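Q: Before anything else, here's the structure in question.
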Amino acid sequence: MKTALVTGAARGIGLATTKEFLSKGWHVVMVDRDEEALTSEASQLQDVTEILCDVSVPGQVADIAKKFDHLNALVNNAGVADFGPIEETDLSRWRTVMETNLDGVFMMTQALTPALAAAKGAIVNIASISGLRASTLRVAYGTSKAGVMALTQQQAVELGEKGIRANCVCPGPVRTKLAMAVHTQDIIDAYHDAIPLNRYGSEDEIANVITFLCSEEASFVTGQIISVDGGFEATGIGLPALRT
Ligand SMILES: NC(=O)c1ccc[n+]([C@@H]2O[C@H](COP(=O)([O-])OP(=O)(O)OC[C@H]3O[C@@H](n4cnc5c(N)ncnc54)[C@H](O)[C@@H]3O)[C@@H](O)[C@H]2O)c1
């Protein structure tokens, strides 16, 4: 049986990804720092192992690495969002975003590289459309996600020699706890306007692409940054007002 490790698996996109792997017959190691949510969700699933871990804490990441010598897929999905003006983003807010969104992806991948190499496994890092285009209020979040894209390409190029693939998924807006905490009704309406498919995505629509990239069907795909965004990235400067 193949094993995937998914970070931020206790809810949202990570939980949907866990369930998608399970439906394909994989074993899933669910990693999260929210003990209550993790225990509650994991207890309702079969073929999962739960590990309480904060991916931004080096010692906790090192402990995880000791548990695996063979891993088929690593999904670095755990992330935090904090939207604010540049002048109000003090170093501690900046660091809080960076330590999970960027340091966590770097550390988890580094720690699990021997296990991934042993299985010729796949890495999928979750960035965001906010890393593809600049916007207001996303100085930390958007920069962290742009970093995740660059990190993915570094991983793909260097770890390819070990048979490890690394790809990046950039979700458009999905109605998870993370998004709803920072999306006002105005933002929701504006996203609908800017997205050709005219709606938010679902957790499952993101999970489908993540699990595809971890599968044998994607065996020659590496170093790619794939938006799952209803066409948001394709619109360039397309103005909603010019649509028919
Ligand atoms: N929801 C969206 O609209 C959207 C859009 C683009 C990108 N994303 C990205 O998708 C990923 C998942 O987001 P979501 O919307 O499902 O969020 P969510 O808040 O619903 O779930 C995130 C999970 O990650 C866990 N987590 C956060 N920091 C952690 C840490 N340091 N260590 C371990 N676990 C940690 C949380 O406890 C939570 O269970 C994130 O990387 C996010 O930036 C989300």
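Labels used: A, B, ... for chains in the order of the structure tokens, numbers from 1 for residues in each chain, and numbers from 1 for ligands as shown.
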So which residues of segment 2-76 of chain A fall under strand (DSSP E or B) by DSSP, listed as a list in words?

A: Thr3, Ala4, Leu5, Val6, Thr7, His27, Val28, Val29, Met30, Val31, Asp32, Val48, Thr49, Glu50, Ile51, Leu52, Ala73, Leu74, Val75 and Asn76 of chain A

Q: Can I get the residues close to ligand 1 as a count of residues only, where close means within 6 Å and we count only C-alpha atoms and all ligand atoms?

A: 32

Q: In terms of the shortest atom-to-atom distance over only C-alpha atoms, which of A:Gly231, A:Gly223, A:Gly84, A:Pro58 is closest to Gly142 of chain A?

A: A:Gly84

Q: Restricting the calculation to only C-alpha atoms: of A:Thr109, A:Thr18, A:Asn72, A:Thr211, which residue gets closest to Asp47 of chain A?

A: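 So, comparing all the options, the nearest one is A:Thr18.
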
Q: With only C-alpha atoms as the counted atoms, please give the residues lying no more than 12 Å from Ala190 of chain A, apart from itself and same-chain residues fewer than 4 positions off, as an NGL selection string.

A: :A and (173 or 183-186 or 194-196 or 198-200 or 232 or 239-240)

Q: Would you save the residues of that selection, restricted to N, CA and C atoms, as a PDB file, in the first residue's frame?

A:
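File produced: result-v7.pdb:
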ATOM      1  N   PRO A 173      -9.652  30.756  -4.804  1.00  0.00           N
ATOM      2  CA  PRO A 173     -10.366  30.794  -3.531  1.00  0.00           C
ATOM      3  C   PRO A 173     -11.277  29.578  -3.303  1.00  0.00           C
ATOM      4  N   HIS A 183     -11.728  36.724   3.898  1.00  0.00           N
ATOM      5  CA  HIS A 183     -12.512  37.172   2.743  1.00  0.00           C
ATOM      6  C   HIS A 183     -13.806  37.835   3.221  1.00  0.00           C
ATOM      7  N   THR A 184     -13.906  39.142   3.035  1.00  0.00           N
ATOM      8  CA  THR A 184     -15.166  39.846   3.321  1.00  0.00           C
ATOM      9  C   THR A 184     -16.133  39.581   2.163  1.00  0.00           C
ATOM     10  N   GLN A 185     -17.394  39.992   2.328  1.00  0.00           N
ATOM     11  CA  GLN A 185     -18.361  39.804   1.243  1.00  0.00           C
ATOM     12  C   GLN A 185     -17.908  40.535  -0.025  1.00  0.00           C
ATOM     13  N   ASP A 186     -17.300  41.715   0.150  1.00  0.00           N
ATOM     14  CA  ASP A 186     -16.792  42.463  -1.009  1.00  0.00           C
ATOM     15  C   ASP A 186     -15.735  41.658  -1.761  1.00  0.00           C
ATOM     16  N   ALA A 194     -13.882  38.250 -11.068  1.00  0.00           N
ATOM     17  CA  ALA A 194     -12.572  38.099 -11.718  1.00  0.00           C
ATOM     18  C   ALA A 194     -12.312  36.684 -12.225  1.00  0.00           C
ATOM     19  N   ILE A 195     -13.091  35.718 -11.769  1.00  0.00           N
ATOM     20  CA  ILE A 195     -12.838  34.318 -12.129  1.00  0.00           C
ATOM     21  C   ILE A 195     -13.761  33.914 -13.287  1.00  0.00           C
ATOM     22  N   PRO A 196     -13.181  33.495 -14.430  1.00  0.00           N
ATOM     23  CA  PRO A 196     -14.019  33.128 -15.577  1.00  0.00           C
ATOM     24  C   PRO A 196     -15.118  32.117 -15.233  1.00  0.00           C
ATOM     25  N   ASN A 198     -16.587  31.997 -12.576  1.00  0.00           N
ATOM     26  CA  ASN A 198     -17.556  32.790 -11.811  1.00  0.00           C
ATOM     27  C   ASN A 198     -17.969  32.170 -10.473  1.00  0.00           C
ATOM     28  N   ARG A 199     -17.033  31.500  -9.823  1.00  0.00           N
ATOM     29  CA  ARG A 199     -17.354  30.893  -8.531  1.00  0.00           C
ATOM     30  C   ARG A 199     -16.085  30.542  -7.772  1.00  0.00           C
ATOM     31  N   TYR A 200     -16.252  30.182  -6.483  1.00  0.00           N
ATOM     32  CA  TYR A 200     -15.150  29.618  -5.710  1.00  0.00           C
ATOM     33  C   TYR A 200     -14.968  28.149  -6.106  1.00  0.00           C
ATOM     34  N   PHE A 232      -8.665  32.151 -13.115  1.00  0.00           N
ATOM     35  CA  PHE A 232      -8.226  33.462 -12.594  1.00  0.00           C
ATOM     36  C   PHE A 232      -6.890  33.892 -13.191  1.00  0.00           C
ATOM     37  N   LEU A 239     -10.829  42.635 -18.152  1.00  0.00           N
ATOM     38  CA  LEU A 239     -11.736  43.373 -17.271  1.00  0.00           C
ATOM     39  C   LEU A 239     -13.112  42.728 -17.257  1.00  0.00           C
ATOM     40  N   PRO A 240     -13.634  42.458 -16.091  1.00  0.00           N
ATOM     41  CA  PRO A 240     -14.992  41.898 -16.038  1.00  0.00           C
ATOM     42  C   PRO A 240     -15.977  42.749 -16.838  1.00  0.00           C
TER      43      PRO A 240
END

Q: What are the DSSP helix (DSSP H, G or I) residues of segment 80-175 of chain A, as number ranges by chain?

A: A: 86-88, 91-119, 129-131, 139-162

Q: Please tabulate, as JSON lines, the residues of segment 26-134 of chain A that come within 8 Å of segment 161-166 of chain A, each with its closest pair of atoms and the distance in Å to one decimal, counting only C-alpha atoms and ordering rows by chain, then residue number upward.

A:
{"residue": "A:Leu116", "atom": "CA", "partner": "A:Ile164", "partner_atom": "CA", "distance": 6.6}
{"residue": "A:Ala117", "atom": "CA", "partner": "A:Lys162", "partner_atom": "CA", "distance": 5.6}
{"residue": "A:Lys120", "atom": "CA", "partner": "A:Gly163", "partner_atom": "CA", "distance": 4.9}
{"residue": "A:Gly121", "atom": "CA", "partner": "A:Ile164", "partner_atom": "CA", "distance": 5.2}
{"residue": "A:Ala122", "atom": "CA", "partner": "A:Arg165", "partner_atom": "CA", "distance": 4.7}
{"residue": "A:Ile123", "atom": "CA", "partner": "A:Ala166", "partner_atom": "CA", "distance": 4.5}
{"residue": "A:Val124", "atom": "CA", "partner": "A:Ala166", "partner_atom": "CA", "distance": 5.8}
{"residue": "A:Asn125", "atom": "CA", "partner": "A:Ala166", "partner_atom": "CA", "distance": 7.6}
